[in-house]
$ cat upload.csv   # CSV, C-alpha atoms
chain,number,residue,atom,x,y,z
A,1,SER,CA,103.3,60.3,-80.1
A,2,GLY,CA,100.0,60.3,-82.0
A,3,THR,CA,101.6,62.2,-84.9
A,4,VAL,CA,102.2,61.2,-88.5
A,5,ALA,CA,103.4,63.0,-91.5
A,6,ASP,CA,103.1,66.8,-91.0
A,7,PHE,CA,100.1,66.5,-88.7
A,8,SER,CA,100.3,67.5,-85.0
A,9,ASN,CA,98.9,65.4,-82.2
A,10,GLN,CA,96.0,67.8,-81.9
A,11,GLN,CA,95.2,67.4,-85.6
A,12,ILE,CA,95.2,63.6,-85.4
A,13,GLU,CA,93.0,63.7,-82.3
A,14,MET,CA,90.6,66.1,-84.0
A,15,PHE,CA,90.5,63.8,-87.1
A,16,ALA,CA,89.7,60.9,-84.8
A,17,VAL,CA,87.0,62.8,-82.9
A,18,THR,CA,85.3,64.1,-86.0
A,19,THR,CA,85.4,60.7,-87.8
A,20,GLY,CA,84.7,58.7,-84.7
A,21,LEU,CA,87.9,56.7,-85.0
A,22,CYS,CA,89.4,54.7,-82.2
A,23,VAL,CA,92.8,53.2,-83.0
A,24,MET,CA,94.7,50.8,-80.6
A,25,ILE,CA,98.1,49.3,-81.4
A,26,GLU,CA,99.3,46.3,-79.5
A,27,CYS,CA,102.5,44.3,-80.0
A,28,ASP,CA,103.2,40.8,-78.8
A,29,SER,CA,105.8,38.2,-79.7
A,30,GLU,CA,104.0,37.2,-82.9
A,31,HIS,CA,102.1,40.2,-84.2
A,32,VAL,CA,101.7,43.9,-84.3
A,33,HIS,CA,97.9,44.2,-84.0
A,34,VAL,CA,96.2,47.4,-85.1
A,35,ASP,CA,92.6,47.6,-84.1
A,36,CYS,CA,90.6,50.4,-85.7
A,37,ALA,CA,87.0,51.0,-84.9
A,38,TYR,CA,84.5,53.6,-86.2
A,39,PRO,CA,80.8,54.1,-86.1
A,40,VAL,CA,79.0,51.7,-88.5
A,41,SER,CA,76.7,54.5,-89.6
A,42,ASP,CA,79.8,56.3,-91.1
A,43,LYS,CA,80.1,55.2,-94.7
A,44,ASP,CA,83.6,56.8,-94.9
A,45,GLY,CA,84.9,55.3,-91.7
A,46,MET,CA,86.9,52.6,-93.4
A,47,ASP,CA,88.5,55.1,-95.8
A,48,ALA,CA,89.5,57.3,-92.8
A,49,ASN,CA,91.0,54.3,-91.0
A,50,LEU,CA,92.9,53.2,-94.0
A,51,GLN,CA,94.2,56.7,-94.6
A,52,LEU,CA,95.5,56.9,-91.1
A,53,MET,CA,97.1,53.5,-91.3
A,54,HIS,CA,98.8,54.5,-94.6
A,55,LEU,CA,100.3,57.5,-92.9
A,56,LEU,CA,101.4,55.5,-89.9
A,57,LEU,CA,103.2,53.0,-92.1
A,58,ARG,CA,104.6,55.4,-94.6
A,59,GLU,CA,105.3,58.6,-92.7
A,60,PRO,CA,105.7,57.9,-88.9
A,61,ARG,CA,107.1,60.6,-86.7
A,62,TRP,CA,109.7,59.9,-84.1
A,63,ASP,CA,109.6,61.8,-80.9
A,64,GLU,CA,111.9,61.7,-77.9
A,65,ALA,CA,109.2,62.3,-75.2
A,66,THR,CA,107.1,59.5,-76.7
A,67,PHE,CA,110.1,57.2,-76.8
A,68,GLU,CA,110.7,57.8,-73.1
A,69,ARG,CA,107.1,57.0,-72.3
A,70,ALA,CA,107.4,53.8,-74.3
A,71,LYS,CA,110.5,52.8,-72.4
A,72,GLN,CA,108.6,53.3,-69.1
A,73,ALA,CA,105.8,51.1,-70.5
A,74,CYS,CA,108.5,48.4,-71.3
A,75,LYS,CA,109.8,48.6,-67.7
A,76,VAL,CA,106.2,48.0,-66.4
A,77,LYS,CA,105.8,45.1,-68.9
A,78,GLY,CA,109.1,43.6,-67.5
A,79,GLN,CA,107.6,43.7,-64.0
A,80,GLU,CA,104.5,41.9,-65.3
A,81,VAL,CA,106.7,39.2,-66.8
A,82,LEU,CA,108.3,38.6,-63.4
A,83,GLY,CA,104.9,38.4,-61.7
A,84,SER,CA,103.1,36.1,-64.3
A,85,LEU,CA,103.8,32.4,-64.6
A,86,GLU,CA,102.5,32.4,-68.2
A,87,LEU,CA,104.7,35.4,-69.3
A,88,ALA,CA,107.7,34.1,-67.4
A,89,THR,CA,107.3,30.7,-69.1
A,90,GLU,CA,107.0,32.4,-72.5
A,91,GLU,CA,110.1,34.4,-71.8
A,92,ALA,CA,112.1,31.3,-70.8
A,93,PHE,CA,110.8,29.4,-73.8
A,94,PHE,CA,111.9,32.1,-76.2
A,95,SER,CA,115.4,32.4,-74.6
A,96,VAL,CA,115.9,28.7,-75.2
A,97,MET,CA,114.4,28.7,-78.7
A,98,TYR,CA,116.3,31.8,-79.8
A,99,PRO,CA,119.6,31.8,-77.9
A,100,GLY,CA,121.5,35.1,-78.3
A,101,ASP,CA,118.5,36.7,-80.1
A,102,THR,CA,116.8,39.1,-77.7
A,103,ARG,CA,114.2,40.4,-80.1
A,104,MET,CA,111.6,38.1,-78.6
A,105,LEU,CA,112.5,38.9,-75.0
A,106,GLN,CA,111.5,41.7,-72.7
A,107,PRO,CA,114.4,44.1,-72.5
A,108,SER,CA,116.2,44.5,-69.1
A,109,ALA,CA,116.1,47.8,-67.3
A,110,GLU,CA,119.8,48.2,-68.1
A,111,ALA,CA,119.2,47.6,-71.8
A,112,LEU,CA,116.3,50.1,-71.8
A,113,ALA,CA,118.4,52.7,-70.1
A,114,ASP,CA,121.1,52.3,-72.7
A,115,MET,CA,118.7,52.4,-75.7
A,116,SER,CA,118.4,55.6,-77.7
A,117,LEU,CA,115.7,56.8,-80.0
A,118,ASP,CA,118.0,56.4,-83.0
A,119,THR,CA,118.7,52.8,-82.1
A,120,ALA,CA,115.0,52.0,-81.6
A,121,ARG,CA,114.1,53.7,-84.8
A,122,ALA,CA,116.7,51.8,-86.8
A,123,GLY,CA,115.5,48.5,-85.4
A,124,ILE,CA,111.8,49.3,-86.1
A,125,GLU,CA,112.5,50.5,-89.6
A,126,ARG,CA,114.6,47.5,-90.3
A,127,GLN,CA,112.0,45.0,-89.0
A,128,VAL,CA,108.7,46.7,-90.1
A,129,PHE,CA,109.1,49.6,-92.5
A,130,ASP,CA,111.8,48.1,-94.7
A,131,ARG,CA,109.6,45.0,-95.2
A,132,LEU,CA,106.2,46.5,-96.1
A,133,ASP,CA,106.1,44.3,-99.2
A,134,HIS,CA,106.0,41.3,-96.9
A,135,MET,CA,103.3,42.7,-94.6
A,136,GLU,CA,99.9,41.0,-94.4
A,137,ILE,CA,96.9,43.3,-93.8
A,138,ILE,CA,93.6,41.7,-92.9
A,139,VAL,CA,90.5,43.9,-93.0
A,140,ALA,CA,87.4,42.6,-91.2
A,141,GLN,CA,84.1,44.3,-91.0
A,142,ASP,CA,80.6,43.3,-90.2
A,143,PHE,CA,79.0,44.1,-93.5
A,144,ASP,CA,75.5,43.0,-92.4
A,145,MET,CA,75.7,45.5,-89.5
A,146,LEU,CA,76.9,48.2,-91.9
A,147,GLY,CA,73.9,47.6,-94.1
A,148,LYS,CA,71.5,47.9,-91.2
A,149,ALA,CA,73.2,51.1,-90.0
A,150,LEU,CA,73.0,52.6,-93.5
A,151,ALA,CA,69.3,51.6,-93.9
A,152,PRO,CA,68.0,55.0,-92.6
A,153,ARG,CA,70.3,56.8,-95.0
A,154,ALA,CA,69.1,54.6,-97.8
A,155,LYS,CA,65.5,55.5,-96.9
A,156,ALA,CA,66.3,59.2,-97.0
A,157,GLN,CA,68.0,58.6,-100.4
A,158,ARG,CA,64.8,56.9,-101.7
A,159,LEU,CA,62.8,59.9,-100.6
A,160,CYS,CA,65.2,62.2,-102.4
A,161,MET,CA,65.0,60.0,-105.5
A,162,GLU,CA,61.3,60.3,-105.6
A,163,GLU,CA,61.9,64.0,-105.9
A,164,GLY,CA,64.2,63.3,-108.9
A,165,ASP,CA,67.6,63.8,-107.4
A,166,SER,CA,69.8,61.8,-109.8
A,167,SER,CA,73.1,62.3,-107.8
A,168,VAL,CA,71.6,60.5,-104.8
A,169,GLU,CA,70.4,57.7,-107.1
A,170,GLU,CA,73.9,57.3,-108.5
A,171,GLU,CA,75.3,57.3,-105.0
A,172,ALA,CA,72.8,54.6,-103.9
A,173,ALA,CA,73.7,52.5,-106.9
A,174,LYS,CA,77.4,52.7,-106.0
A,175,LEU,CA,76.6,51.7,-102.4
A,176,ARG,CA,74.5,48.7,-103.5
A,177,GLN,CA,77.3,47.7,-105.9
A,178,ARG,CA,80.0,47.9,-103.1
A,179,ALA,CA,77.8,46.0,-100.7
A,180,GLN,CA,77.2,43.3,-103.2
A,181,GLU,CA,80.9,43.0,-104.0
A,182,ALA,CA,81.7,42.8,-100.3
A,183,LEU,CA,79.1,40.0,-99.8
A,184,GLU,CA,80.5,38.0,-102.7
A,185,GLU,CA,84.0,38.1,-101.1

$ encode --input "upload.csv" --output "structure tokens"
Amino acid sequence: SGTVADFSNQQIEMFAVTTGLCVMIECDSEHVHVDCAYPVSDKDGMDANLQLMHLLLREPRWDEATFERAKQACKVKGQEVLGSLELATEEAFFSVMYPGDTRMLQPSAEALADMSLDTARAGIERQVFDRLDHMEIIVAQDFDMLGKALAPRAKAQRLCMEEGDSSVEEEAAKLRQRAQEALEE
């Protein structure tokens, strides 16, 4: 629904617009992939992304209208499975590999019609949110590009330092330290 914690959809959208965030969540049979992007010139972009992911994982909001839209998307995906040799083969493979376990299969139209928000919520919480201690999070960033994007800011900071602004000098030292640590990893 685009809502987490006590924030409305409009507040989340405004947060994304003002920070330049773009978040896409995709699920497949093996992963839940969350792709977050932000302008490389924004030194706080990663913090903003991680804050939003924290709220998504710790304080999701469950909404009936959003659930109905998700059910419609599942119906469309079911039609894609029927029309794709690759997806139909994957579906057949999983049904043979995991007999009786429908978690890996595209739900039928009947199963979707019978599914309630409470049932879906319980399943998601059991499989994802109750296992956060087993979750793997990979953060990837082009630190070289980040350094190039921050170069104009660093030049402005050097100009300020020439004028004797010690707070800018301290901030520049922190940035250099963080960049060095990131490169060493």

$ atom_distance --input "upload.csv" --atom1 "CA of Val34 (chain A)" --atom2 "CA of Met53 (chain A)"
8.7 Å

$ atom_distance --input "upload.csv" --atom1 "CA of Ala37 (chain A)" --atom2 "CA of Cys22 (chain A)"
5.2 Å

$ closest_residue --input "upload.csv" --among "A:Gln10, A:Asn49, A:Gln106, A:Gln127" --to "Phe94 (chain A)" --atoms "only C-alpha atoms"
A:Gln106

$ closest_residue --input "upload.csv" --among "A:Arg69, A:Lys43, A:Arg58, A:Lys75" --to "Val128 (chain A)" --atoms "only C-alpha atoms"
A:Arg58

$ atom_distance --input "upload.csv" --atom1 "CA of Met24 (chain A)" --atom2 "CA of Leu52 (chain A)"
12.2 Å

$ residues_around --input "upload.csv" --residues "Thr19 (chain A)" --least-positions-apart "5" --cutoff "8 Å" --atoms "all atoms listed in the file" --output "ChimeraX atom specification"
/A:38,42,45,48

$ closest_residue --input "upload.csv" --among "A:Met104, A:Ala122, A:Ala140, A:Met14" --to "Glu90 (chain A)" --atoms "all atoms listed in the file"
A:Met104

$ residues_around --input "upload.csv" --residues "Glu64 (chain A)" --least-positions-apart "4" --cutoff "10 Å" --atoms "all atoms listed in the file" --output "JSON, numbers by chain"
{"A": [1, 68, 69, 70, 116, 117, 118]}

$ closest_residue --input "upload.csv" --among "A:Thr18, A:Ser41, A:Ser95, A:Gln51" --to "Ala5 (chain A)" --atoms "all atoms listed in the file"
A:Gln51

$ residues_around --input "upload.csv" --residues "Thr102 (chain A)" --least-positions-apart "4" --cutoff "12 Å" --atoms "all atoms listed in the file" --output "list of chain:residue names"
A:Ser29, A:Glu91, A:Ala92, A:Phe94, A:Ser95, A:Val96, A:Met97, A:Tyr98, A:Gln106, A:Pro107, A:Ser108, A:Ala111

$ write_last_selection --input "upload.csv" --atoms "C-alpha atoms" --output "PDB file, in the frame of the given file"
ATOM      1  CA  SER A  29     105.800  38.200 -79.700  1.00  0.00           C
ATOM      2  CA  GLU A  91     110.100  34.400 -71.800  1.00  0.00           C
ATOM      3  CA  ALA A  92     112.100  31.300 -70.800  1.00  0.00           C
ATOM      4  CA  PHE A  94     111.900  32.100 -76.200  1.00  0.00           C
ATOM      5  CA  SER A  95     115.400  32.400 -74.600  1.00  0.00           C
ATOM      6  CA  VAL A  96     115.900  28.700 -75.200  1.00  0.00           C
ATOM      7  CA  MET A  97     114.400  28.700 -78.700  1.00  0.00           C
ATOM      8  CA  TYR A  98     116.300  31.800 -79.800  1.00  0.00           C
ATOM      9  CA  GLN A 106     111.500  41.700 -72.700  1.00  0.00           C
ATOM     10  CA  PRO A 107     114.400  44.100 -72.500  1.00  0.00           C
ATOM     11  CA  SER A 108     116.200  44.500 -69.100  1.00  0.00           C
ATOM     12  CA  ALA A 111     119.200  47.600 -71.800  1.00  0.00           C
TER      13      ALA A 111
END
